[in-house]
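**Student:** Before we start, here is the structure in question, set down as structure tokens.
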Amino acid sequence: MTQLHNRPALPADSATTSQRSLPAWPILILFHGFPIIWAMGALQFAPFALAVIMAALMVLRGRVMVPLPAWFLAALVVWALACATQLPDAGALVGFALRWGNLLAALIILLYVVNARDRLGQHAIMAGLMTVWATVVLMGALALFIPDVRLNTPVGMLLPGSLTSNELVKDLVFPPMAEVQLPWGAPEPYIRPSAPFPYANSWGVAYVMLTPVALATLLTVRTWWVKLLISAGLVLSLVPAVGTSNRGMFLGLGIALVYAVFRLALSGYWKVGLAGLLALTGAAMWLILGGVAEQILGRQEYSDSTGGRLNLYRQTWEASLESPLLGHGAPRMEESVGVYMGTQGYLWFFLFSYGLVGLILVVGFLWGSTWWTRGVKSPASIMLHSVPLAASAIFVVYSFDIMQTCILVTVLGLLMRERIAKARS
């Protein structure tokens with residue numbers, strides 16, 4: 001681990017430092033190339049492929065700084081391999097490998113962001129994340145008009161029919177624009193935007209993580225037309241956000257924004273804090289008085305998702321106690337509710353799949369990272385710090401796909417870089 005201290009650089013060191021600096025392009029391809037990666041059907045594979053390249057670049061450079069909270073994630077990656085011994089059969093290895101690869105990719109991307117400071121500035125990273133945010137907003141809005149459309153992607157057409165006949169694989173490589181649900185008794189179908197992700201809940205998780213990034217960018221850019229575009233995007237985003245009817249999404253976003261407003265006010269940014277408080281108040285009034293909250297909660301009358309989740313969580317907890325140390329290696333179908341145990345929440349996935357040790361490690365990473373980076377001071381950094389806080393709340397009820405995890409660790413990487421820079425100064 002690189003020591004955090006100041007060392008005066010000799011003039012001859014400049015060329016060496018430049019040669020050893022990690023390039024920005026792997027991260028920029030991941031985020032700026034996100035729309036193309038999705039359209040190709042490679043969203044589940046591209047992050048890992050790019051992470052392998054990042055790992056090779058870090059190995060070639062020869063020194064990697066590992067922030068303290070990242071050791072929890074590294075330990076989780078190793079521990080998950082031990083949990084593979086609990087898989088029921090060889091057929092489950094494919095799903096296990098995909099999930100484990102996503103964990104490894106998250107660790108590598110986090111370390112790359114932390115160590116690529118020389119060439120990968122915060123502005124470049126934020127611009128990349130804004131590309132993802134714009135794609136999520138625009139595709140979510142478009143999905144309301146063409147909800148039944150599925151993409152025919154190059155990756156999907158290359159895979160054999162034996163694989164694409166699986167519903168999960170089909171949703172990944174032939175992604176739908178929206179989930180169209182018609183619960184029994186409902187007067188009309190519910191159109192829940194999901195693009196550029198397979199499921200509406202995945203869209204909601206990305207929206208929770210990316211909206212604070214958009215607000216942080218709004219606080220830092222000076223060009224008036226960029227501010228106008230971001231503001232228009234924030235207003236437009238409310239349309240697909242309401243369409244998803246994700247109650248947990250609004251709860252997570254509310255937690256993030258309330259936290260940011262109070263932190264800004266306590267840090268002396270009264271104008272920004274007051275503006276945020278007024279915006280929150282206006283949004284709350286719109287949700288309640290405008291009938292939006294009633295519309296979101298209306299789906300519960302025809303689909304008891306809350307009761308179903310609670311029953312699944314109870315079954316998952318009881319089954320987890322049967323193998324509390326190593327877990328079960330992967331989610332498992334619970335016939336009584338017709339849903340896989342270890343899903344419907346990242347917390348439950350780690351508990352069921354990797355046991356209590358896995359749960360402790362992922363909570364240690366998420367909460368430890370949030371606490372370790374609590375000292376950020378600038379308005380944009382305070383807004384970014386609300387992202388892991390919101391993730392800590394919603395990971396109980398929502399699972400994170402690979403792209404959502406990449407967004408989270410990238411934001412954490414930016415916050416860790418700021419903490420490290422302060423330690424060096």
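Labeling convention for the structure tokens: chains A, B, ... as they appear, residues from 1 per chain, ligands from 1 in order of appearance.
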Which residues, written as a PDB file with N, CA and C atoms, in the first residue's frame, have at least one atom at most 7 Å from range 49-66 of chain A, with only C-alpha atoms counted and residues fewer than 4 positions away on the same chain left out?

**Tutor:**
ATOM      1  N   MET A   1       0.849  -1.197   0.000  1.00  0.00           N
ATOM      2  CA  MET A   1       0.000   0.000   0.000  1.00  0.00           C
ATOM      3  C   MET A   1       0.878   1.238   0.000  1.00  0.00           C
ATOM      4  N   THR A   2       0.606   2.186  -0.875  1.00  0.00           N
ATOM      5  CA  THR A   2       1.410   3.386  -0.983  1.00  0.00           C
ATOM      6  C   THR A   2       1.275   4.242   0.268  1.00  0.00           C
ATOM      7  N   ARG A  20       3.986   6.396 -15.919  1.00  0.00           N
ATOM      8  CA  ARG A  20       3.357   5.459 -15.008  1.00  0.00           C
ATOM      9  C   ARG A  20       1.923   5.821 -14.662  1.00  0.00           C
ATOM     10  N   LEU A  22      -1.943   6.169 -14.808  1.00  0.00           N
ATOM     11  CA  LEU A  22      -2.975   5.321 -15.401  1.00  0.00           C
ATOM     12  C   LEU A  22      -3.812   6.136 -16.373  1.00  0.00           C
ATOM     13  N   PRO A  26     -10.184   3.749 -19.963  1.00  0.00           N
ATOM     14  CA  PRO A  26     -11.065   2.634 -19.579  1.00  0.00           C
ATOM     15  C   PRO A  26     -12.322   3.080 -18.839  1.00  0.00           C
ATOM     16  N   PHE A  45     -21.445  -7.588 -19.504  1.00  0.00           N
ATOM     17  CA  PHE A  45     -20.113  -8.135 -19.758  1.00  0.00           C
ATOM     18  C   PHE A  45     -19.037  -7.065 -19.905  1.00  0.00           C
ATOM     19  N   ALA A  70     -11.631  -0.345   1.287  1.00  0.00           N
ATOM     20  CA  ALA A  70     -11.580  -1.260   0.143  1.00  0.00           C
ATOM     21  C   ALA A  70     -11.145  -2.655   0.543  1.00  0.00           C
ATOM     22  N   ALA A 105     -14.997  -6.919 -10.448  1.00  0.00           N
ATOM     23  CA  ALA A 105     -14.954  -5.720 -11.292  1.00  0.00           C
ATOM     24  C   ALA A 105     -15.172  -4.458 -10.465  1.00  0.00           C
ATOM     25  N   ILE A 108     -11.949  -3.615  -8.638  1.00  0.00           N
ATOM     26  CA  ILE A 108     -10.922  -3.097  -9.552  1.00  0.00           C
ATOM     27  C   ILE A 108     -11.248  -1.661  -9.970  1.00  0.00           C
ATOM     28  N   ILE A 109     -12.516  -1.400 -10.297  1.00  0.00           N
ATOM     29  CA  ILE A 109     -12.904  -0.051 -10.728  1.00  0.00           C
ATOM     30  C   ILE A 109     -12.710   0.952  -9.596  1.00  0.00           C
ATOM     31  N   LEU A 111     -10.477   0.785  -7.151  1.00  0.00           N
ATOM     32  CA  LEU A 111      -9.045   1.028  -7.018  1.00  0.00           C
ATOM     33  C   LEU A 111      -8.506   1.845  -8.186  1.00  0.00           C
ATOM     34  N   TYR A 112      -9.045   1.625  -9.367  1.00  0.00           N
ATOM     35  CA  TYR A 112      -8.572   2.366 -10.537  1.00  0.00           C
ATOM     36  C   TYR A 112      -8.913   3.851 -10.406  1.00  0.00           C
ATOM     37  N   ASN A 115      -6.557   5.406  -7.964  1.00  0.00           N
ATOM     38  CA  ASN A 115      -5.152   5.460  -8.361  1.00  0.00           C
ATOM     39  C   ASN A 115      -4.907   6.192  -9.678  1.00  0.00           C
TER      40      ASN A 115
END

**Student:** Return as a tab-separated table the residues of range 156-200 of chain A lying at most 12 Å from range 380-403 of chain A, together with the closest atom-to-atom pair for each and the distance in Å to one decimal, counting only C-alpha atoms, with rows in chain order and ascending residue number.

**Tutor:**
residue	atom	partner	partner_atom	distance
A:Leu172	CA	A:Asp401	CA	10.9
A:Pro196	CA	A:Met403	CA	10.4
A:Phe197	CA	A:Asp401	CA	8.8
A:Pro198	CA	A:Asp401	CA	9.7
A:Tyr199	CA	A:Asp401	CA	10.0
A:Ala200	CA	A:Tyr398	CA	10.7

**Student:** What lies within 9 Å of range 340-345 of chain A using only C-alpha atoms, ignoring chain neighbours under 3 positions off, as number ranges by chain?

**Tutor:** A: 309, 312-313, 315-316, 319, 330-335, 337, 348-353, 394-400

**Student:** Using DSSP on the backbone coordinates, identify the residues of range 134-361 of chain A assigned to alpha helix (DSSP H); present them as a VMD selection string.

**Tutor:** chain A and resid 134 to 143 154 to 158 161 to 164 167 to 173 200 to 220 224 to 244 247 to 266 270 to 289 292 to 302 305 to 320 346 to 361

**Student:** Taking only C-alpha atoms into account, which of A:Ala90, A:Ala82, A:Ala24, A:Val235 comes nearest Val357 in chain A?

**Tutor:**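 Under the stated criterion, the closest residue is A:Ala82.
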
**Student:** Could you give me, as a list of chain:residue names, the residues within 8 Å of range 127-137 of chain A, counting only C-alpha atoms and dropping anything in the same chain fewer than 6 positions from it?

**Tutor:**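 The contact residues come out as A:Leu28, A:Phe31, A:His32, A:Phe34, A:Pro35, A:Ala195, A:Pro196, A:Trp203, A:Ala206, A:Tyr207, A:Leu210, A:Thr211, A:Val213, A:Ala214, A:Gly233, A:Leu236, A:Ser237, A:Pro240, A:Ile407.
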
**Student:** How many Å separate CA of Gln181 in chain A from CA of Arg314 in chain A?

**Tutor:**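 So the answer is 25.5 Å.
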
**Student:** Given the choices A:Asn311, A:Phe48, A:Val149, A:Gly41, which gets closest to Thr164 in chain A if the distance is worked out from only C-alpha atoms?

**Tutor:** A:Gly41

**Student:** Find the residue from A:Val169, A:Leu238, A:Leu228, A:Val376 that sits nearest to Gly95 in chain A; use only C-alpha atoms when measuring.

**Tutor:**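 Distance minimum relative to Gly95 in chain A lands on A:Val169.
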